[in-house]
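First the structure, in the form of structure tokens, and then the observations on it.
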Amino acid sequence: MGARIVGTGAALPQRCVSNAELAGSVDTSDAWIVQRTGIRTRYLLGEGETPSSLGVTACRRALEAAGRRTEDVDLLVVATTFPDMTCPGTSAFVAQDLGLEGTPFFDLTAGCTGFVYGLAMAGAYIAAGLGERVLVLGFEALSRVVDWSDRRTCVLFGDGAGAVLLERGSSEEGILGVSLRGDPSKALLLHTPAGGTRRPASHATVEAREHFLRMEGSGVFRSAVPLMREAMDRALHAASMSREEVDWIIPHQANVRIIDAFADRLGLPRERVVINVDRVANTSAASIPIALDEAVRDGRIRPGHAVVLTAFGAGVTYGAVALRM
């Protein structure tokens with residue numbers, strides 16, 4: 001049995017923030033941001049907006065694209081690093097708003113690689129005969145957890161959600177090869193120092209601004225390119241495919257410099273790499289499904305195309321999925 005993508009969907013907040021607007025409140029400039037990241041705009045949640053509402057919209061759009069209803073869903077997997085609440089996770093709120101009744105759901109935390117991990121888990125669930133259809137959502141509200149006084153990190157991120165409906169199909173279509181990997185020695189390249197059970201919230205942690213995301217940018221850059229390449233090659237090997245057979249590659253949208261370096265290392269033309277980080281910034285676990293939905297809806301990715309999704313994220317996690325649309 002195989003598992004194929006039959007519908008995609010995405011959602012972004014209404015508010016689009018340009019680099020110029022950001023420069024009005026942060027010590028930065030459009031030129032500085034573009035030179036280092038390639039990012040020009042990002043979408044941010046408003047004060048009264050509920051983060052999981054983006055996920056609900058993305059899921060509904062994926063179901064609509066597939067011609068399916070919520071009653072057809074056998075499992076909901078929500079990949080996110082920062083859920084609506086520490087307990088319960090975001091999946092409970094998404095399931096409630098979608099009207100899922102009795103359908104199992106869970107959150108998956110694997111940083112920016114979360115959607116790739118979730119897609120692999122969903123494919124295995126279907127292959128094991130546990131269900132016919134799985135809704136996989138990648139969702140993040142990073143504007144709520146970045147330090148807006150730190151220009152090294154706050155300019156990089158945006159909010160968003162992307163989803164796919166995975167459905168049982170033949171073994172020649174859908175997910176063909178998977179590689180999931182991890183390197184815990186790099187666990188602190190991206191982390192939030194406080195707020196968990198290791199270091200609970202206190203006056204001291206709040207005053208030290210330890211509840212914001214911290215990142216070692218140079219370490220991320222050095223690690224992301226070779227690890228995403230390794231994951232991609234492993235997934236292609238598992239699928240018995242070569243790089244030349246791939247029509248499209250969708251890497252995690254961290255920044256343009258990482259994506260360009262990744263394409264150069266693989267010797268791939270940039271025209272075969274889906275890129276939207278310049279417009280939506282880094283949306284972590286949501287970045288790949290948002291880019292996938294965009295490329296499907298504008299006609300670049302069509303039925304029969306071979307596509308590789310590859311990512312690197314906090315943990316450190318990294319992985320790739322090779323599939324045929």
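Labeling convention for the structure tokens: chains A, B, ... as they appear, residues from 1 per chain, ligands from 1 in order of appearance.
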Just asking: which residues within region 173-307 of chain A are strand (DSSP E) according to DSSP, as a short mmCIF file (atom, residue, chain, number, x, y, z; two decimals) with N, CA and C atoms, in the first residue's frame?
data_model
loop_
_atom_site.label_atom_id
_atom_site.label_comp_id
_atom_site.auth_asym_id
_atom_site.auth_seq_id
_atom_site.Cartn_x
_atom_site.Cartn_y
_atom_site.Cartn_z
N GLY A 174 2.64 8.54 -4.53
CA GLY A 174 2.72 9.07 -3.18
C GLY A 174 4.12 8.96 -2.61
N ILE A 175 4.21 8.64 -1.33
CA ILE A 175 5.50 8.55 -0.65
C ILE A 175 6.28 7.33 -1.14
N LEU A 176 7.47 7.57 -1.67
CA LEU A 176 8.30 6.50 -2.22
C LEU A 176 9.54 6.22 -1.38
N GLY A 177 10.04 7.23 -0.68
CA GLY A 177 11.25 7.06 0.14
C GLY A 177 11.29 8.06 1.27
N VAL A 178 11.77 7.61 2.41
CA VAL A 178 11.81 8.46 3.61
C VAL A 178 13.17 8.34 4.29
N SER A 179 13.66 9.46 4.81
CA SER A 179 14.84 9.45 5.66
C SER A 179 14.59 10.41 6.82
N LEU A 180 14.58 9.87 8.04
CA LEU A 180 14.43 10.69 9.24
C LEU A 180 15.69 10.51 10.08
N ARG A 181 16.32 11.63 10.44
CA ARG A 181 17.59 11.58 11.14
C ARG A 181 17.60 12.57 12.30
N GLY A 182 18.62 12.45 13.17
CA GLY A 182 18.75 13.39 14.28
C GLY A 182 20.18 13.48 14.76
N LEU A 190 19.17 25.82 18.35
CA LEU A 190 17.92 26.57 18.44
C LEU A 190 17.19 26.09 19.69
N HIS A 191 16.90 27.01 20.60
CA HIS A 191 16.21 26.59 21.81
C HIS A 191 15.57 27.78 22.52
N ARG A 214 16.04 31.38 20.92
CA ARG A 214 17.43 31.77 20.70
C ARG A 214 18.04 30.86 19.64
N MET A 215 18.92 31.44 18.85
CA MET A 215 19.50 30.69 17.73
C MET A 215 20.96 31.05 17.53
N TRP A 248 11.04 18.59 -8.70
CA TRP A 248 11.03 19.73 -7.79
C TRP A 248 11.59 19.36 -6.43
N ILE A 249 12.32 20.29 -5.86
CA ILE A 249 12.80 20.14 -4.48
C ILE A 249 12.22 21.28 -3.66
N ILE A 250 11.64 20.94 -2.52
CA ILE A 250 11.13 21.96 -1.61
C ILE A 250 11.90 21.84 -0.30
N PRO A 251 12.93 22.67 -0.11
CA PRO A 251 13.67 22.64 1.15
C PRO A 251 12.97 23.52 2.18
N ALA A 306 7.88 14.17 -9.64
CA ALA A 306 8.66 13.65 -8.51
C ALA A 306 9.13 14.85 -7.68
N VAL A 307 8.86 14.81 -6.38
CA VAL A 307 9.15 15.94 -5.49
C VAL A 307 9.89 15.43 -4.26
#
Taking only C-alpha atoms into account, produce a table as a Markdown table in which each residue of region 23-89 of chain A with an atom at most 7 Å from an atom of region 121-133 of chain A appears once, together with its shortest atom pair and the distance in Å to one decimal, ordered by chain and rising number.
| residue | atom | partner | partner_atom | distance |
| --- | --- | --- | --- | --- |
| A:Asp72 | CA | A:Arg133 | CA | 6.9 |
| A:Val73 | CA | A:Arg133 | CA | 5.4 |
| A:Asp74 | CA | A:Arg133 | CA | 5.5 |
| A:Leu75 | CA | A:Arg133 | CA | 7.0 |
What's the 9 Å shell around Ile275 (chain A), counting only C-alpha atoms, without same-chain residues fewer than 5 positions away, as a PyMOL selection string?
chain A and resi 250-251+253+256+259+270+291
Could you pull out all residues of region 71-242 of chain A with a DSSP call of helix (DSSP H, G or I) and give them as a count of residues only?
68
For Ala224 (chain A), find every residue with an atom within 10 Å (counting only C-alpha atoms), except residues of its own chain fewer than 2 positions away, and show them as a count of residues only.
21
Which residues come within 9 Å of region 20-36 of chain A, counting only C-alpha atoms, excluding same-chain residues fewer than 6 positions away, as a PyMOL selection string?
chain A and resi 148-151+154-156+255-257+278
Written file, previous selection with N, CA and C atoms, as an mmCIF file, in the first residue's frame:
data_model
loop_
_atom_site.group_PDB
_atom_site.id
_atom_site.type_symbol
_atom_site.label_atom_id
_atom_site.label_comp_id
_atom_site.auth_asym_id
_atom_site.auth_seq_id
_atom_site.Cartn_x
_atom_site.Cartn_y
_atom_site.Cartn_z
ATOM 1 N N TRP A 148 11.556 40.643 19.970
ATOM 2 C CA TRP A 148 11.468 41.697 18.970
ATOM 3 C C TRP A 148 12.486 42.813 19.176
ATOM 4 N N SER A 149 13.335 42.655 20.184
ATOM 5 C CA SER A 149 14.443 43.599 20.345
ATOM 6 C C SER A 149 15.749 43.020 19.810
ATOM 7 N N ASP A 150 15.715 41.758 19.359
ATOM 8 C CA ASP A 150 16.904 41.078 18.852
ATOM 9 C C ASP A 150 16.817 40.972 17.330
ATOM 10 N N ARG A 151 17.507 41.850 16.629
ATOM 11 C CA ARG A 151 17.389 41.884 15.171
ATOM 12 C C ARG A 151 17.990 40.658 14.502
ATOM 13 N N CYS A 154 14.527 38.155 15.128
ATOM 14 C CA CYS A 154 13.132 38.541 14.878
ATOM 15 C C CYS A 154 12.837 38.790 13.407
ATOM 16 N N VAL A 155 13.831 39.210 12.629
ATOM 17 C CA VAL A 155 13.595 39.511 11.214
ATOM 18 C C VAL A 155 13.420 38.251 10.365
ATOM 19 N N LEU A 156 13.770 37.109 10.921
ATOM 20 C CA LEU A 156 13.798 35.872 10.146
ATOM 21 C C LEU A 156 12.453 35.180 10.015
ATOM 22 N N ASN A 255 16.333 30.568 5.008
ATOM 23 C CA ASN A 255 16.675 31.834 4.366
ATOM 24 C C ASN A 255 17.278 31.528 2.999
ATOM 25 N N VAL A 256 17.340 32.537 2.154
ATOM 26 C CA VAL A 256 17.759 32.324 0.761
ATOM 27 C C VAL A 256 19.202 31.856 0.681
ATOM 28 N N ARG A 257 20.068 32.334 1.564
ATOM 29 C CA ARG A 257 21.478 31.931 1.515
ATOM 30 C C ARG A 257 21.631 30.431 1.748
ATOM 31 N N ASP A 278 11.345 34.598 0.595
ATOM 32 C CA ASP A 278 11.468 36.044 0.417
ATOM 33 C C ASP A 278 10.165 36.765 0.724
#
Exercise: region 196-201 of chain A partners within 9 Å, only C-alpha atoms, chain neighbours under 5 positions left out, as a ChimeraX atom specification:
/A:86,206,210-211
Residues at most 10 Å from Gly46 (chain A), counting only C-alpha atoms, excluding those fewer than 5 positions away in the same chain, as a list of chain:residue names?
A:Pro13, A:Gln14, A:Arg15, A:Pro51, A:Ser143
Length of the CA of Gly138 (chain A) to CA of Ala66 (chain A) vector [Å]:
17.6 Å
Using only C-alpha atoms, can you tell me which of A:Ala204, A:Ala235, A:Ile5, A:Ala11 comes closest to Ala322 (chain A)?
A:Ala235
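Taking CA of Gly304 (chain A) and CA of Glu172 (chain A) as endpoints, the distance between them is 10.4 Å.
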